Amino acid sequence: MTKRDWLEKRKREAPERPVRFSTVSDLEIEPLYTSEDVGGDRIGWPGEFPYTRGVHPGMYRSRLWTMRQFAGFGTAEDTNARFHFLLRQGQTGLSTAFDMPTLMGYDADHPRALGEVGREGVAVSSLVDMRALFDGIHLDQVTTSMTVNCSASVLLAMYFAIAEEQGVPLAKVGGTIQNDMLKEFIAQKEWICPPDPSMRIVVDMIDYCAKEAPRWHPVSISGYHIREAGSTAVQELAFTLADGLAYVQAAVDRGLDVDSFGPRLSFFFNLHNDLLEEVAKLRAARRLWATLMRDRFGAKHPRTLQLRTHAQTAGASLTAQQPLNNVVRVAIQALAGVLGGVQSLHTNSLDETLALPSESAVMVALRTQQILAEESGVTNTVDPLGGSWAVEALTDRMERDALAYIRHIDELGGMVRAIELGYPQKEIAEAAYVYQQQIDRGEKTVVGVNKYQVPEERPPELLKVPLEVEARQADRVRRVKRERNGAAARAALARVRAAAEGGENLMPPLIDAVKALCTVGEISDVYRQVFGEYRDPAWL
């Protein structure tokens, strides 16, 4: 019996509704997959091109993924205490969330910071804050991820300055800074200057790190926020890789050899509820990236071809209703990441949709990863779903549809031009709208929201940042500005301005500036003055 014969027989006996991927997509899920759905032997071997089955031959048999819980709230001292708590609980890497003023390039004493200081991340205005943030943490003994973009160059300069104060050579400093400005224009909307100067700053950081900090990832190409904005899984995959290609092209145009910086590019993907969809997405991402890097840029170094990725469970999937259900969602999503072969993982806390994660909820989220690693058995085999007809067919389809998006972006003139035309923004907005309609009509179930509701719910205890944190932080930055060597700070800012205007790599003068206690806001103001401020065309 062929697959067609089986499907016809099944249709006659029991007609079924069509089932699609969990996010808006034209990817219909077949009721059955067979060898007929898998085209050719493109699976390969773990640790070998095209890396469909993983970037390392032994995967988790050789080394577990890094358990990297996102943390940041209040003052630097508050977040430092959370860092130490997580490390004591067995976390194996740090991940830093910054507050909105820091993310947007404003100091805590700026009028635009009012009401936002320390609210959804840690407040960092100067090197004084960065010292407190990493107090008691040796930067040669831990890797750190920093989720910051338009002010990323300033925060990275601070981190490198702290390493120097600790006596740690930059060659021994490991970690990642997100620094993905293209996805900001597409999805998250946190920016200072327009795309072209933003790309120049990113390439400055890529260039500097390739030469001075070879263990540091200077950009984490992020699909996470694209998915949180409402994209489909295919759109997340396609737009993320297109962003990555744009960074590579910009660095190559600068004159950099692709194999000199390619090994330190990393990625960041979202993990949603549809387990097989997410596994297929991660496997397709590796295969696509390896092929594109080889064919477009002539990359030869194996690590340039390997897509290494952090992943985070989906914040947009968490519900305020029946928040304990979020533990189950996160476990499924984390399992998808592990089965898909991530190198680093954050699991969301059950209360994150309501407030900053509480200490008890953070521990449950970390324990979810540890149970997967130590008790589930899924780490004992490399790519345990590899060879599944369903997974391989979905991987092929995901790759094919994402590549169609990438080719269309190429036809538009590349990702920067596509952003200027509003193409990815429009695609994401339409997908988000259709998905919400499906929920509103009850075509898609969200347990506890549009089905299986309960009449009354007792809200959990929430972590709240005291109101006085904002005043204390604003006083601290004003004191730094008052007590520092003013002449040295002004001279350092002038050197940053000269580098910005003249084309010199910004990182060396930035490091000097933060050592002179120039602040995030002051340096960002130089960017605003030299490069101009970006305005979203949709709002003009």
# chains A, B, ... in the order shown; residues from 1 in each chain; ligands from 1
$ residues_around --residues "segment 488-496 of chain A" --least-positions-apart "6" --cutoff "10 Å" --atoms "only C-alpha atoms" --output "number ranges by chain"
A: 481, 502, 504-519, 522-523, 525-527
$ select_by_dssp --residues "segment 189-274 of chain A" --states "strand (DSSP E)" --output "compact mmCIF listing (two decimals) with all heavy atoms, in the first residue's frame"
# COMPACT_ATOMS: atom_id res chain seq x y z
N TRP A 216 34.67 36.03 22.33
CA TRP A 216 33.43 36.79 22.50
C TRP A 216 32.60 36.76 21.23
O TRP A 216 33.12 36.92 20.13
CB TRP A 216 33.74 38.24 22.88
CG TRP A 216 32.50 38.97 23.32
CD1 TRP A 216 31.68 39.70 22.53
CD2 TRP A 216 31.91 38.95 24.62
NE1 TRP A 216 30.61 40.17 23.27
CE2 TRP A 216 30.74 39.72 24.56
CE3 TRP A 216 32.28 38.37 25.84
CZ2 TRP A 216 29.92 39.93 25.67
CZ3 TRP A 216 31.47 38.58 26.95
CH2 TRP A 216 30.31 39.34 26.85
N HIS A 217 31.28 36.59 21.37
CA HIS A 217 30.35 36.66 20.24
C HIS A 217 29.82 38.10 20.16
O HIS A 217 29.03 38.52 21.01
CB HIS A 217 29.18 35.70 20.43
CG HIS A 217 29.57 34.26 20.48
ND1 HIS A 217 29.90 33.61 21.65
CD2 HIS A 217 29.71 33.34 19.49
CE1 HIS A 217 30.20 32.35 21.38
NE2 HIS A 217 30.10 32.17 20.08
N VAL A 219 27.80 39.59 18.07
CA VAL A 219 26.40 39.78 17.67
C VAL A 219 25.69 38.44 17.80
O VAL A 219 26.22 37.40 17.41
CB VAL A 219 26.28 40.34 16.23
CG1 VAL A 219 26.98 39.46 15.22
CG2 VAL A 219 24.82 40.55 15.84
N SER A 220 24.51 38.48 18.41
CA SER A 220 23.65 37.30 18.51
C SER A 220 22.42 37.58 17.65
O SER A 220 21.55 38.36 18.02
CB SER A 220 23.24 37.05 19.97
OG SER A 220 22.35 35.96 20.04
N ILE A 221 22.39 36.97 16.49
CA ILE A 221 21.37 37.27 15.48
C ILE A 221 20.06 36.65 15.95
O ILE A 221 19.94 35.44 16.08
CB ILE A 221 21.82 36.74 14.12
CG1 ILE A 221 23.21 37.32 13.78
CG2 ILE A 221 20.81 37.11 13.05
CD1 ILE A 221 24.05 36.46 12.89
N SER A 222 19.09 37.51 16.21
CA SER A 222 17.95 37.11 17.04
C SER A 222 16.66 37.00 16.26
O SER A 222 16.16 37.98 15.71
CB SER A 222 17.77 38.12 18.19
OG SER A 222 16.61 37.82 18.92
N LEU A 265 29.98 34.36 15.26
CA LEU A 265 28.59 34.77 15.12
C LEU A 265 27.72 33.72 15.80
O LEU A 265 27.99 32.52 15.72
CB LEU A 265 28.20 34.88 13.64
CG LEU A 265 28.95 35.93 12.82
CD1 LEU A 265 28.48 35.87 11.36
CD2 LEU A 265 28.76 37.32 13.39
N SER A 266 26.69 34.17 16.48
CA SER A 266 25.78 33.22 17.12
C SER A 266 24.34 33.65 16.85
O SER A 266 24.09 34.74 16.34
CB SER A 266 26.04 33.13 18.62
OG SER A 266 25.73 34.35 19.26
N PHE A 267 23.41 32.78 17.21
CA PHE A 267 22.00 33.02 16.93
C PHE A 267 21.17 32.86 18.20
O PHE A 267 21.64 32.32 19.21
CB PHE A 267 21.51 32.05 15.85
CG PHE A 267 22.01 32.40 14.47
CD1 PHE A 267 23.30 32.06 14.08
CD2 PHE A 267 21.21 33.08 13.58
CE1 PHE A 267 23.77 32.39 12.83
CE2 PHE A 267 21.67 33.42 12.31
CZ PHE A 267 22.96 33.07 11.94
N PHE A 268 19.92 33.32 18.12
CA PHE A 268 19.01 33.29 19.26
C PHE A 268 17.61 33.06 18.72
O PHE A 268 17.06 33.92 18.03
CB PHE A 268 19.13 34.62 20.01
CG PHE A 268 18.17 34.81 21.16
CD1 PHE A 268 17.60 33.73 21.82
CD2 PHE A 268 17.86 36.08 21.60
CE1 PHE A 268 16.73 33.91 22.89
CE2 PHE A 268 17.00 36.29 22.67
CZ PHE A 268 16.42 35.20 23.30
N PHE A 269 17.04 31.89 19.01
CA PHE A 269 15.72 31.55 18.49
C PHE A 269 14.70 31.40 19.61
O PHE A 269 15.03 31.17 20.77
CB PHE A 269 15.79 30.26 17.68
CG PHE A 269 16.39 30.44 16.31
CD1 PHE A 269 17.69 30.03 16.05
CD2 PHE A 269 15.68 31.03 15.29
CE1 PHE A 269 18.26 30.19 14.80
CE2 PHE A 269 16.23 31.21 14.02
CZ PHE A 269 17.53 30.78 13.78
N ASN A 270 13.45 31.52 19.21
CA ASN A 270 12.30 31.36 20.08
C ASN A 270 11.86 29.91 20.07
O ASN A 270 12.01 29.23 19.06
CB ASN A 270 11.18 32.28 19.56
CG ASN A 270 10.13 32.60 20.60
OD1 ASN A 270 9.55 31.71 21.20
ND2 ASN A 270 9.87 33.88 20.78
N LEU A 271 11.28 29.46 21.17
CA LEU A 271 10.75 28.10 21.25
C LEU A 271 9.27 28.18 21.63
O LEU A 271 8.93 28.60 22.73
CB LEU A 271 11.51 27.27 22.29
CG LEU A 271 13.00 27.06 22.02
CD1 LEU A 271 13.69 26.46 23.24
CD2 LEU A 271 13.20 26.17 20.80
$ closest_atom_pairs --of "segment 40-84 of chain A" --to "segment 135-147 of chain A" --cutoff "10 Å" --atoms "only C-alpha atoms" --output "Markdown table"
| residue | atom | partner | partner_atom | distance |
| --- | --- | --- | --- | --- |
| A:Thr66 | CA | A:Thr143 | CA | 9.4 |
| A:Arg68 | CA | A:Ser145 | CA | 8.2 |
| A:Gln69 | CA | A:Ser145 | CA | 9.7 |
| A:Phe70 | CA | A:Ser145 | CA | 8.6 |
| A:Ala71 | CA | A:Met146 | CA | 9.9 |
| A:Ala76 | CA | A:Asp135 | CA | 9.3 |
| A:Glu77 | CA | A:Asp135 | CA | 8.4 |
| A:Asn80 | CA | A:Asp135 | CA | 6.9 |
| A:Ala81 | CA | A:Asp135 | CA | 9.3 |
| A:Phe83 | CA | A:Ile137 | CA | 8.9 |
| A:His84 | CA | A:Ile137 | CA | 8.2 |
$ atom_distance --atom1 "atom CA of Glu533 of chain A" --atom2 "atom CA of Lys189 of chain A"
12.8 Å
$ select_by_dssp --residues "segment 200-389 of chain A" --states "alpha helix (DSSP H)" --output "number ranges by chain"
A: 200-212, 224-228, 233-254, 258-261, 275-297, 302-305, 325-340, 359-374, 389
$ residues_around --residues "Ser317 of chain A" --least-positions-apart "6" --cutoff "9 Å" --atoms "only C-alpha atoms" --output "PDB file with N, CA, C and O atoms, in the first residue's frame"
ATOM      1  N   GLU A 228       8.195  36.883  18.889  1.00  0.00           N
ATOM      2  CA  GLU A 228       7.371  37.501  19.919  1.00  0.00           C
ATOM      3  C   GLU A 228       6.462  38.573  19.332  1.00  0.00           C
ATOM      4  O   GLU A 228       5.385  38.844  19.863  1.00  0.00           O
ATOM      5  N   HIS A 272       8.406  27.775  20.701  1.00  0.00           N
ATOM      6  CA  HIS A 272       6.962  27.835  20.935  1.00  0.00           C
ATOM      7  C   HIS A 272       6.417  26.453  21.280  1.00  0.00           C
ATOM      8  O   HIS A 272       7.180  25.508  21.521  1.00  0.00           O
ATOM      9  N   ASN A 273       5.097  26.346  21.292  1.00  0.00           N
ATOM     10  CA  ASN A 273       4.455  25.150  21.839  1.00  0.00           C
ATOM     11  C   ASN A 273       4.449  23.948  20.904  1.00  0.00           C
ATOM     12  O   ASN A 273       4.368  22.815  21.378  1.00  0.00           O
ATOM     13  N   ASN A 326       1.797  27.526  32.834  1.00  0.00           N
ATOM     14  CA  ASN A 326       2.998  27.954  32.117  1.00  0.00           C
ATOM     15  C   ASN A 326       4.180  27.023  32.365  1.00  0.00           C
ATOM     16  O   ASN A 326       5.078  26.925  31.528  1.00  0.00           O
ATOM     17  N   ARG A 329       3.887  24.483  29.659  1.00  0.00           N
ATOM     18  CA  ARG A 329       4.277  25.060  28.372  1.00  0.00           C
ATOM     19  C   ARG A 329       5.795  25.175  28.257  1.00  0.00           C
ATOM     20  O   ARG A 329       6.394  24.835  27.237  1.00  0.00           O
ATOM     21  N   VAL A 330       6.413  25.702  29.290  1.00  0.00           N
ATOM     22  CA  VAL A 330       7.864  25.907  29.269  1.00  0.00           C
ATOM     23  C   VAL A 330       8.596  24.578  29.144  1.00  0.00           C
ATOM     24  O   VAL A 330       9.597  24.469  28.424  1.00  0.00           O
ATOM     25  N   VAL A 446      -6.138  28.228  23.497  1.00  0.00           N
ATOM     26  CA  VAL A 446      -5.157  28.600  24.509  1.00  0.00           C
ATOM     27  C   VAL A 446      -5.780  28.210  25.842  1.00  0.00           C
ATOM     28  O   VAL A 446      -6.735  28.850  26.312  1.00  0.00           O
TER      29      VAL A 446
END
$ residues_around --residues "Tyr405 of chain A" --least-positions-apart "3" --cutoff "12 Å" --atoms "only C-alpha atoms" --output "list in words"
Val234, Gln235, Glu236, Leu237, Ala238, Phe239, Thr240, Leu241, Ala242, Met398, Glu399, Arg400, Asp401, Ala402, His408, Ile409, Asp410, Glu411, Leu412, Gly414, Met415, Ala418, Tyr423, Pro424 and Glu427 of chain A
